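Below is the file final-v2.cif, which contains mmCIF, C-alpha atoms.
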data_work
#
loop_
_atom_site.label_atom_id
_atom_site.label_comp_id
_atom_site.auth_asym_id
_atom_site.auth_seq_id
_atom_site.Cartn_x
_atom_site.Cartn_y
_atom_site.Cartn_z
CA MET A 1 13.46 16.19 11.74
CA GLY A 2 14.73 12.99 10.12
CA PRO A 3 13.72 9.53 8.90
CA ASN A 4 10.93 7.89 10.89
CA TYR A 5 9.94 11.19 12.48
CA MET A 6 6.59 11.05 10.67
CA TRP A 7 4.99 8.33 8.57
CA HIS A 8 2.10 9.40 6.33
CA ALA A 9 -0.38 6.60 5.55
CA ASP A 10 -3.37 6.78 3.22
CA GLY A 11 -5.50 4.80 0.78
CA TYR A 12 -5.70 5.24 -2.99
CA ASP A 13 -9.19 4.73 -4.46
CA LYS A 14 -8.86 5.54 -8.17
CA LEU A 15 -8.85 1.83 -9.08
CA LYS A 16 -11.63 0.88 -6.66
CA PRO A 17 -14.35 0.87 -9.36
CA PHE A 18 -12.45 -2.05 -10.89
CA GLY A 19 -11.94 -3.87 -7.58
CA PHE A 20 -8.42 -2.77 -6.63
CA ALA A 21 -7.90 -0.81 -3.42
CA ILE A 22 -4.36 0.38 -2.67
CA SER A 23 -2.84 1.18 0.71
CA GLY A 24 0.36 3.20 0.92
CA CYS A 25 2.68 4.92 3.36
CA ILE A 26 5.59 7.34 2.89
CA ASP A 27 8.29 8.61 5.24
CA GLY A 28 7.95 12.39 5.54
CA PHE A 29 11.66 13.25 5.68
CA SER A 30 13.17 10.95 3.06
CA ARG A 31 10.04 10.56 0.91
CA LYS A 32 10.78 6.84 0.89
CA VAL A 33 7.69 4.78 0.09
CA LEU A 34 7.41 2.27 2.95
CA TRP A 35 4.60 0.11 1.62
CA LEU A 36 2.38 -0.01 -1.43
CA VAL A 37 -0.12 -2.86 -1.32
CA SER A 38 -3.09 -3.73 -3.50
CA GLY A 39 -6.09 -5.74 -2.28
CA PRO A 40 -9.87 -6.06 -2.43
CA THR A 41 -10.24 -3.37 0.22
CA ASN A 42 -8.38 -0.60 2.02
CA ASN A 43 -11.31 0.02 4.37
CA ASN A 44 -10.78 -3.01 6.61
CA PRO A 45 -8.93 -1.90 9.78
CA SER A 46 -7.28 -5.32 10.16
CA VAL A 47 -5.86 -5.17 6.63
CA ILE A 48 -4.39 -1.70 7.19
CA ALA A 49 -2.99 -2.78 10.57
CA HIS A 50 -1.41 -5.81 8.89
CA ASN A 51 0.33 -3.56 6.35
CA PHE A 52 1.64 -1.37 9.17
CA LEU A 53 2.88 -4.28 11.28
CA THR A 54 4.51 -5.95 8.28
CA CYS A 55 6.43 -2.73 7.57
CA VAL A 56 7.45 -2.25 11.22
CA ARG A 57 8.62 -5.86 11.38
CA ARG A 58 10.63 -5.51 8.16
CA LEU A 59 12.31 -2.26 9.20
CA GLY A 60 12.64 -3.13 12.89
CA VAL A 61 11.54 0.39 13.84
CA VAL A 62 8.38 2.20 14.91
CA PRO A 63 8.03 5.85 13.85
CA MET A 64 8.05 8.72 16.29
CA ARG A 65 4.73 9.84 14.82
CA LEU A 66 2.12 8.43 12.45
CA ARG A 67 -0.31 10.59 10.49
CA THR A 68 -3.55 9.39 8.91
CA ASP A 69 -6.93 10.76 7.95
CA CYS A 70 -9.97 10.25 10.18
CA GLY A 71 -11.26 7.11 8.46
CA THR A 72 -12.30 4.20 10.67
CA GLU A 73 -9.95 1.92 8.72
CA ASN A 74 -7.01 3.56 10.52
CA GLY A 75 -8.28 2.90 14.04
CA ILE A 76 -6.44 -0.34 14.79
CA MET A 77 -3.21 0.92 13.21
CA ALA A 78 -3.39 4.09 15.32
CA ALA A 79 -4.01 2.04 18.47
CA ILE A 80 -1.03 -0.22 17.70
CA GLN A 81 1.23 2.79 17.09
CA CYS A 82 0.24 4.34 20.43
CA THR A 83 0.66 1.00 22.22
CA LEU A 84 4.15 0.43 20.82
CA ARG A 85 5.13 3.95 21.87
CA HIS A 86 3.55 4.00 25.34
CA GLN A 87 6.73 2.99 27.19
CA HIS A 88 8.85 5.77 25.68
CA ALA A 89 9.50 9.04 27.52
CA ASP A 90 9.74 11.59 24.70
CA TYR A 91 7.26 14.40 24.02
CA TYR A 92 5.36 12.38 21.39
CA SER A 93 5.16 9.13 23.32
CA GLY A 94 1.90 7.25 23.85
CA MET A 95 -1.25 8.86 22.50
CA SER A 96 0.66 11.80 21.04
CA SER A 97 2.51 9.50 18.62
CA HIS A 98 -0.49 9.39 16.28
CA MET A 99 -2.28 12.34 14.75
CA TYR A 100 -5.45 12.55 12.71
CA GLY A 101 -5.92 15.14 10.00
CA SER A 102 -7.86 15.72 6.82
CA SER A 103 -6.76 13.71 3.83
CA THR A 104 -6.17 16.86 1.77
CA ASN A 105 -3.73 18.20 4.38
CA ASN A 106 -1.70 14.98 4.46
CA GLN A 107 0.45 16.51 1.75
CA ARG A 108 3.36 14.09 1.67
CA ILE A 109 1.29 11.09 0.61
CA GLU A 110 -1.29 13.13 -1.33
CA SER A 111 1.37 14.73 -3.54
CA TRP A 112 2.92 11.31 -4.11
CA TRP A 113 -0.43 9.86 -5.21
CA SER A 114 -0.56 12.47 -7.99
CA ILE A 115 2.90 11.37 -9.16
CA PHE A 116 1.79 7.74 -8.91
CA ARG A 117 -1.23 8.39 -11.12
CA LYS A 118 0.83 10.01 -13.87
CA GLY A 119 3.48 7.30 -13.84
CA ARG A 120 1.49 4.15 -13.07
CA SER A 121 -2.18 4.05 -12.18
CA GLN A 122 -3.38 5.95 -15.24
CA PHE A 123 -2.30 2.99 -17.38
CA TRP A 124 -4.39 0.55 -15.33
CA MET A 125 -7.37 2.90 -15.27
CA GLU A 126 -7.34 3.14 -19.05
CA LEU A 127 -6.78 -0.61 -19.51
CA PHE A 128 -9.74 -1.54 -17.32
CA ALA A 129 -11.86 1.19 -18.91
CA ASP A 130 -11.11 -0.39 -22.30
CA LEU A 131 -12.32 -3.77 -20.98
CA ARG A 132 -15.48 -2.09 -19.73
CA ASP A 133 -16.10 -0.24 -22.99
CA ALA A 134 -15.61 -3.48 -24.93
CA GLY A 135 -18.36 -5.10 -22.85
CA HIS A 136 -16.10 -7.38 -20.81
CA PHE A 137 -16.59 -5.62 -17.46
CA ASN A 138 -19.81 -4.31 -15.92
CA GLY A 139 -18.64 -3.27 -12.45
CA SER A 140 -20.44 -6.10 -10.66
CA ARG A 141 -18.93 -7.81 -7.62
CA GLU A 142 -18.39 -10.99 -9.65
CA HIS A 143 -16.55 -9.14 -12.40
CA GLN A 144 -14.42 -7.32 -9.82
CA CYS A 145 -13.48 -10.62 -8.15
CA LEU A 146 -12.57 -12.16 -11.50
CA LEU A 147 -10.53 -9.11 -12.48
CA ARG A 148 -8.64 -9.26 -9.17
CA PHE A 149 -8.01 -12.97 -9.60
CA CYS A 150 -6.41 -12.41 -13.00
CA PHE A 151 -4.56 -9.15 -12.33
CA LYS A 152 -3.67 -9.15 -8.60
CA ASP A 153 -0.16 -10.57 -8.99
CA VAL A 154 0.59 -8.46 -12.07
CA ILE A 155 -0.54 -5.26 -10.37
CA GLN A 156 1.31 -6.02 -7.12
CA LYS A 157 4.46 -6.73 -9.14
CA ASP A 158 4.00 -3.35 -10.83
CA LEU A 159 3.53 -1.62 -7.45
CA ASP A 160 6.68 -3.27 -6.10
CA GLU A 161 8.64 -2.09 -9.13
CA CYS A 162 7.20 1.41 -8.80
CA MET A 163 8.23 1.55 -5.13
CA THR A 164 11.75 0.28 -5.90
CA LEU A 165 12.30 2.78 -8.71
CA TRP A 166 10.97 5.70 -6.68
CA ASN A 167 13.07 4.88 -3.63
CA SER A 168 16.24 4.73 -5.73
CA HIS A 169 15.71 7.85 -7.88
CA ARG A 170 17.11 11.27 -7.03
CA ILE A 171 14.86 14.06 -5.77
CA ARG A 172 16.18 17.45 -6.82
CA PRO A 173 16.85 19.91 -3.99
CA SER A 174 14.53 22.90 -3.68
CA THR A 175 14.93 26.15 -1.79
CA THR A 176 11.25 26.01 -0.76
CA ALA A 177 11.32 22.39 0.46
CA SER A 178 11.58 21.65 4.18
CA CYS A 179 13.65 18.51 3.55
CA PRO A 180 16.88 18.03 1.57
CA GLY A 181 17.04 16.58 -1.91
CA GLY A 182 18.64 13.25 -2.63
CA VAL A 183 17.84 9.57 -3.11
CA PRO A 184 15.02 8.46 -0.75
CA ASN A 185 16.85 5.28 0.29
CA GLU A 186 20.01 7.27 1.11
CA LEU A 187 18.06 9.93 2.98
CA TYR A 188 16.31 7.21 4.96
CA TYR A 189 19.25 4.96 5.84
CA LEU A 190 22.07 7.55 5.96
CA PRO A 191 20.50 10.68 7.51
CA HIS A 192 23.81 11.86 9.05
CA ARG A 193 25.06 12.63 5.54
CA PHE A 194 22.31 15.23 5.27
CA GLY A 195 22.72 16.81 8.67
CA SER A 196 19.86 14.85 10.21
CA ARG A 197 19.35 11.90 12.54
CA GLU A 198 17.30 8.76 12.99
CA CYS A 199 14.05 9.58 14.81
CA GLY A 200 12.41 6.16 15.07
CA PHE A 201 12.51 3.67 17.92
CA ARG A 202 13.91 0.17 17.57
CA ILE A 203 11.37 -2.56 18.09
CA GLU A 204 11.75 -6.31 18.66
CA CYS A 205 9.69 -8.62 16.48
CA THR A 206 8.47 -10.46 19.57
CA GLU A 207 6.68 -7.27 20.64
CA LEU A 208 4.59 -7.45 17.47
CA ASP A 209 3.46 -11.04 17.89
CA THR A 210 0.91 -10.03 20.52
CA PHE A 211 -1.18 -8.27 17.88
CA PRO A 212 -3.52 -10.64 15.99
CA GLU A 213 -3.32 -8.40 12.92
CA SER A 214 0.35 -9.41 12.54
CA ASN A 215 -0.89 -12.72 11.15
CA GLN A 216 -3.77 -11.30 9.12
CA PRO A 217 -3.85 -13.29 5.84
CA MET A 218 -3.49 -11.35 2.63
CA HIS A 219 -6.62 -11.18 0.51
CA SER A 220 -6.88 -13.04 -2.76
CA CYS A 221 -9.75 -12.18 -5.08
CA GLY A 222 -12.00 -11.13 -2.19
CA ASP A 223 -14.48 -14.02 -2.35
CA LEU A 224 -13.38 -17.38 -0.93
CA ASN A 225 -15.96 -19.44 -2.85
CA MET A 226 -15.10 -17.78 -6.15
CA GLN A 227 -11.40 -18.10 -5.37
CA GLU A 228 -11.78 -21.87 -4.88
CA TYR A 229 -13.83 -22.19 -8.07
CA LEU A 230 -11.32 -20.24 -10.17
CA ASP A 231 -8.40 -22.19 -8.69
CA PHE A 232 -10.22 -25.40 -9.67
CA VAL A 233 -10.79 -24.15 -13.22
CA MET A 234 -7.16 -23.06 -13.55
CA GLU A 235 -5.89 -26.46 -12.38
CA HIS A 236 -8.17 -28.61 -14.54
CA SER A 237 -7.93 -26.43 -17.62
CA TYR A 238 -4.13 -26.34 -17.41
CA LEU A 239 -4.12 -22.56 -17.53
CA GLN A 240 -1.02 -20.61 -16.52
CA LYS A 241 -0.85 -17.67 -14.15
CA PRO A 242 -0.39 -14.43 -16.08
CA GLU A 243 2.97 -12.68 -16.07
CA ASN A 244 1.97 -9.38 -17.69
CA TRP A 245 -1.08 -7.30 -18.48
CA GLU A 246 -1.58 -8.90 -21.91
CA SER A 247 -1.77 -12.46 -20.59
CA ALA A 248 -3.86 -11.29 -17.63
CA SER A 249 -6.37 -9.70 -20.01
CA GLU A 250 -6.58 -12.87 -22.08
CA LEU A 251 -7.04 -14.99 -18.95
CA TYR A 252 -9.78 -12.68 -17.69
CA ILE A 253 -11.79 -12.93 -20.90
CA HIS A 254 -11.25 -16.72 -21.06
CA LEU A 255 -12.34 -17.35 -17.46
CA LYS A 256 -15.28 -14.99 -17.89
CA GLU A 257 -16.53 -17.18 -20.75
CA ILE A 258 -15.99 -20.40 -18.74
CA ALA A 259 -17.80 -19.02 -15.70
CA GLN A 260 -20.51 -17.51 -17.91
CA LEU A 261 -20.31 -14.16 -16.14
#
Whole structure given in structure tokens:
Amino acid sequence: MGPNYMWHADGYDKLKPFGFAISGCIDGFSRKVLWLVSGPTNNNPSVIAHNFLTCVRRLGVVPMRLRTDCGTENGIMAAIQCTLRHQHADYYSGMSSHMYGSSTNNQRIESWWSIFRKGRSQFWMELFADLRDAGHFNGSREHQCLLRFCFKDVIQKDLDECMTLWNSHRIRPSTTASCPGGVPNELYYLPHRFGSRECGFRIECTELDTFPESNQPMHSCGDLNMQEYLDFVMEHSYLQKPENWESASELYIHLKEIAQL
């Protein structure tokens, strides 16, 4: 019907063998990517709820409907969505504002993940596979934590760039598509230009402060003790934080030797 009529949220697991779990959400009408966040897990309900609340706070709007798969990680987010919509009087208010469905039928986000793999994640999969094949990565929890420590900022920067580029590119119109073509940002913020309307509900930030997940800290490398140790090594070895995949790879191999992993 229009922007914020339906948000489609899902997790991306192709980089999980290397320690990177991605959570994403896309607006069904505009195809605007609303969040794209990497962390140690996308199975923790509090982490997913934090991503949702951060997005709602940033946009100042709660969607008319939210669609997810049946995973337990979506439980808190679904409950928050229904709570924020309980005072409204439309047909999809309250419990009807969230719907579960199979992951394969959540086509908006699933089709975007395939585009994401071709344009972005395939590079990271091949890079980490090269580290593994060269004997620098064995899939252990320690190696995953170290890999996250070295690459987390670089990968998140890449995800942010990917989201920005996607939201500002032009989607070609199609006679078989249920939504108009155009630039996702324009479709989302200027729906009247495309014969549509805003479907979300304005929300005050104070309404979100009652949820403890709104202050859920973002994960670092996934292990607090290892995080403190690696921070100590970085500080006393005068090592710099990596700015690209090359320097992150060098830092990973260097810290792996220091930690004797």
Inset, instruction - Go through A:Ser30, A:Ser247, A:Asn74, A:Ser237 and flag the residue nearest Asp153 in chain A, using all atoms listed in the file for the distances. - result: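 Comparing A:Ser30, A:Ser247, A:Asn74, A:Ser237 against Asp153 in chain A, the winner is A:Ser247.
Among the candidates A:Leu187, A:Leu251, A:Arg148, A:Ser111, the residue lying nearest to Tyr238 in chain A is A:Leu251 (atoms considered: only C-alpha atoms).
Going from CA of Glu73 in chain A over to CA of Asn51 in chain A, you cover 11.9 Å.
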Legend entry - Picked residues, the PyMOL selection byres ((chain A and resi 219-233) around 6), as a list in words: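 Those residues are Pro40, Cys145, Arg148, Phe149, Met218, Met234, Glu235, His236 and Ser237 of chain A.
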Legend entry - Within 10 Å of Arg172 in chain A using all atoms listed in the file, minus same-chain residues under 4 positions, as a list in words: Pro180, Gly181, Gly182 and Val183 of chain A
Selected residues, C-alpha atoms, written as a short mmCIF file (atom, residue, chain, number, x, y, z; two decimals), in the frame of the given file, please.
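After the write, again.cif holds the following:
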data_model
loop_
_atom_site.label_atom_id
_atom_site.label_comp_id
_atom_site.auth_asym_id
_atom_site.auth_seq_id
_atom_site.Cartn_x
_atom_site.Cartn_y
_atom_site.Cartn_z
CA PRO A 180 16.88 18.03 1.57
CA GLY A 181 17.04 16.58 -1.91
CA GLY A 182 18.64 13.25 -2.63
CA VAL A 183 17.84 9.57 -3.11
#
Inset, instruction - Would you work out the distance separating CA of Arg67 in chain A from CA of Met99 in chain A, expressed in Å to one decimal? - result: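 Going from CA of Arg67 in chain A over to CA of Met99 in chain A, I get 5.0 Å.
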Inset, instruction - Return as a PyMOL selection string the set of residues that the PyMOL selection byres ((chain A and resi 203) around 9) yields on the displayed structure. - result: chain A and resi 56-57+59-62+84+201-202+204-208
Let me know the residues the PyMOL selection byres ((chain A and resi 168) around 9) catches in the file above, as a PDB file with C-alpha atoms, in the frame of the given file.
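This is the output file part.pdb:
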ATOM      1  CA  LYS A  32      10.780   6.840   0.890  1.00  0.00           C
ATOM      2  CA  MET A 163       8.230   1.550  -5.130  1.00  0.00           C
ATOM      3  CA  THR A 164      11.750   0.280  -5.900  1.00  0.00           C
ATOM      4  CA  LEU A 165      12.300   2.780  -8.710  1.00  0.00           C
ATOM      5  CA  TRP A 166      10.970   5.700  -6.680  1.00  0.00           C
ATOM      6  CA  ASN A 167      13.070   4.880  -3.630  1.00  0.00           C
ATOM      7  CA  HIS A 169      15.710   7.850  -7.880  1.00  0.00           C
ATOM      8  CA  ARG A 170      17.110  11.270  -7.030  1.00  0.00           C
ATOM      9  CA  VAL A 183      17.840   9.570  -3.110  1.00  0.00           C
ATOM     10  CA  PRO A 184      15.020   8.460  -0.750  1.00  0.00           C
ATOM     11  CA  ASN A 185      16.850   5.280   0.290  1.00  0.00           C
ATOM     12  CA  GLU A 186      20.010   7.270   1.110  1.00  0.00           C
TER      13      GLU A 186
END
Inset, instruction - Write out as an MDAnalysis selection string which residues come within 7 Å of Arg85 in chain A when counting all atoms listed in the file, dropping same-chain ones fewer than 6 positions away. - result: chainID A and resid 93:94 97
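Within 10 Å of Trp113 in chain A, once only C-alpha atoms are used and residues closer than 3 positions along the same chain are dropped, the contacting residues are Asp10, Gly11, Tyr12, Lys14, Gly24, Gln107, Arg108, Ile109, Glu110, Phe116, Arg117, Lys118, Gly119, Arg120 and Ser121 of chain A.
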May I have the selected residues written with C-alpha atoms, as a PDB file, keeping the file's coordinate frame?
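result39.pdb was written with the following content:
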ATOM      1  CA  ASP A  10      -3.370   6.780   3.220  1.00  0.00           C
ATOM      2  CA  GLY A  11      -5.500   4.800   0.780  1.00  0.00           C
ATOM      3  CA  TYR A  12      -5.700   5.240  -2.990  1.00  0.00           C
ATOM      4  CA  LYS A  14      -8.860   5.540  -8.170  1.00  0.00           C
ATOM      5  CA  GLY A  24       0.360   3.200   0.920  1.00  0.00           C
ATOM      6  CA  GLN A 107       0.450  16.510   1.750  1.00  0.00           C
ATOM      7  CA  ARG A 108       3.360  14.090   1.670  1.00  0.00           C
ATOM      8  CA  ILE A 109       1.290  11.090   0.610  1.00  0.00           C
ATOM      9  CA  GLU A 110      -1.290  13.130  -1.330  1.00  0.00           C
ATOM     10  CA  PHE A 116       1.790   7.740  -8.910  1.00  0.00           C
ATOM     11  CA  ARG A 117      -1.230   8.390 -11.120  1.00  0.00           C
ATOM     12  CA  LYS A 118       0.830  10.010 -13.870  1.00  0.00           C
ATOM     13  CA  GLY A 119       3.480   7.300 -13.840  1.00  0.00           C
ATOM     14  CA  ARG A 120       1.490   4.150 -13.070  1.00  0.00           C
ATOM     15  CA  SER A 121      -2.180   4.050 -12.180  1.00  0.00           C
TER      16      SER A 121
END
Inset, instruction - Please identify all polymer residues within 9 Å of Leu36 in chain A, counting all atoms listed in the file, omitting same-chain residues fewer than 3 positions from it, and present them as a PyMOL selection string. - result: chain A and resi 22-25+33+51+156+159-160+162-163
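With only C-alpha atoms as the atoms that count, the minimum distance from Arg197 in chain A to the choices A:His143, A:His98, A:Leu131, A:Phe29 is reached by A:Phe29.
Distance-wise, CA of Gly71 in chain A and CA of Asn43 in chain A end up 8.2 Å apart.
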Legend entry - Top pick for closest residue to Ile155 in chain A, considering A:Thr72, A:Asp27, A:Phe123, A:Ala259 and counting only C-alpha atoms: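 Closest to Ile155 in chain A, using only C-alpha atoms: A:Phe123.
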From the structure just shown, export range 187-209 of chain A with N, CA and C atoms as a CSV table (one decimal), in the first residue's frame.
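Saved to out-v7.csv:
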chain,number,residue,atom,x,y,z
A,187,LEU,N,10.9,6.7,-3.0
A,187,LEU,CA,9.7,6.0,-2.8
A,187,LEU,C,9.3,6.0,-1.4
A,188,TYR,N,10.3,5.9,-0.5
A,188,TYR,CA,10.0,5.8,0.9
A,188,TYR,C,9.5,7.2,1.5
A,189,TYR,N,10.3,8.3,1.2
A,189,TYR,CA,10.0,9.6,1.8
A,189,TYR,C,9.0,10.4,1.0
A,190,LEU,N,8.8,10.1,-0.3
A,190,LEU,CA,7.9,10.9,-1.1
A,190,LEU,C,6.9,10.0,-1.8
A,191,PRO,N,6.1,9.2,-1.1
A,191,PRO,CA,5.2,8.3,-1.7
A,191,PRO,C,4.1,8.9,-2.5
A,192,HIS,N,3.7,10.2,-2.2
A,192,HIS,CA,2.6,10.8,-3.0
A,192,HIS,C,3.0,11.0,-4.5
A,193,ARG,N,4.3,11.1,-4.7
A,193,ARG,CA,4.7,11.2,-6.1
A,193,ARG,C,4.5,10.0,-6.9
A,194,PHE,N,4.2,8.9,-6.2
A,194,PHE,CA,4.0,7.6,-6.9
A,194,PHE,C,2.6,7.1,-6.7
A,195,GLY,N,1.7,8.0,-6.3
A,195,GLY,CA,0.3,7.6,-6.2
A,195,GLY,C,0.1,6.8,-4.9
A,196,SER,N,0.9,6.9,-3.9
A,196,SER,CA,0.7,6.1,-2.7
A,196,SER,C,0.7,7.0,-1.5
A,197,ARG,N,0.8,6.5,-0.3
A,197,ARG,CA,0.7,7.2,0.9
A,197,ARG,C,1.5,6.6,2.0
A,198,GLU,N,1.8,7.4,3.0
A,198,GLU,CA,2.5,6.9,4.2
A,198,GLU,C,1.6,6.0,5.0
A,199,CYS,N,2.1,4.8,5.4
A,199,CYS,CA,1.2,3.8,6.1
A,199,CYS,C,1.6,3.6,7.5
A,200,GLY,N,2.8,4.2,7.9
A,200,GLY,CA,3.3,4.0,9.3
A,200,GLY,C,2.6,4.9,10.3
A,201,PHE,N,3.0,4.7,11.6
A,201,PHE,CA,2.4,5.5,12.6
A,201,PHE,C,3.5,6.2,13.4
A,202,ARG,N,3.4,7.5,13.6
A,202,ARG,CA,4.4,8.3,14.3
A,202,ARG,C,4.5,7.8,15.7
A,203,ILE,N,5.7,7.8,16.2
A,203,ILE,CA,6.0,7.3,17.5
A,203,ILE,C,7.0,8.3,18.2
A,204,GLU,N,6.7,8.5,19.5
A,204,GLU,CA,7.6,9.4,20.3
A,204,GLU,C,8.7,8.5,20.9
A,205,CYS,N,9.9,9.1,20.9
A,205,CYS,CA,11.1,8.4,21.4
A,205,CYS,C,10.9,8.0,22.9
A,206,THR,N,10.1,8.8,23.6
A,206,THR,CA,9.9,8.4,25.0
A,206,THR,C,9.1,7.1,25.2
A,207,GLU,N,8.3,6.8,24.2
A,207,GLU,CA,7.6,5.5,24.2
A,207,GLU,C,8.5,4.3,24.1
A,208,LEU,N,9.7,4.5,23.6
A,208,LEU,CA,10.6,3.4,23.4
A,208,LEU,C,11.5,3.2,24.5
A,209,ASP,N,11.6,4.2,25.4
A,209,ASP,CA,12.6,4.1,26.6
A,209,ASP,C,12.1,3.1,27.6
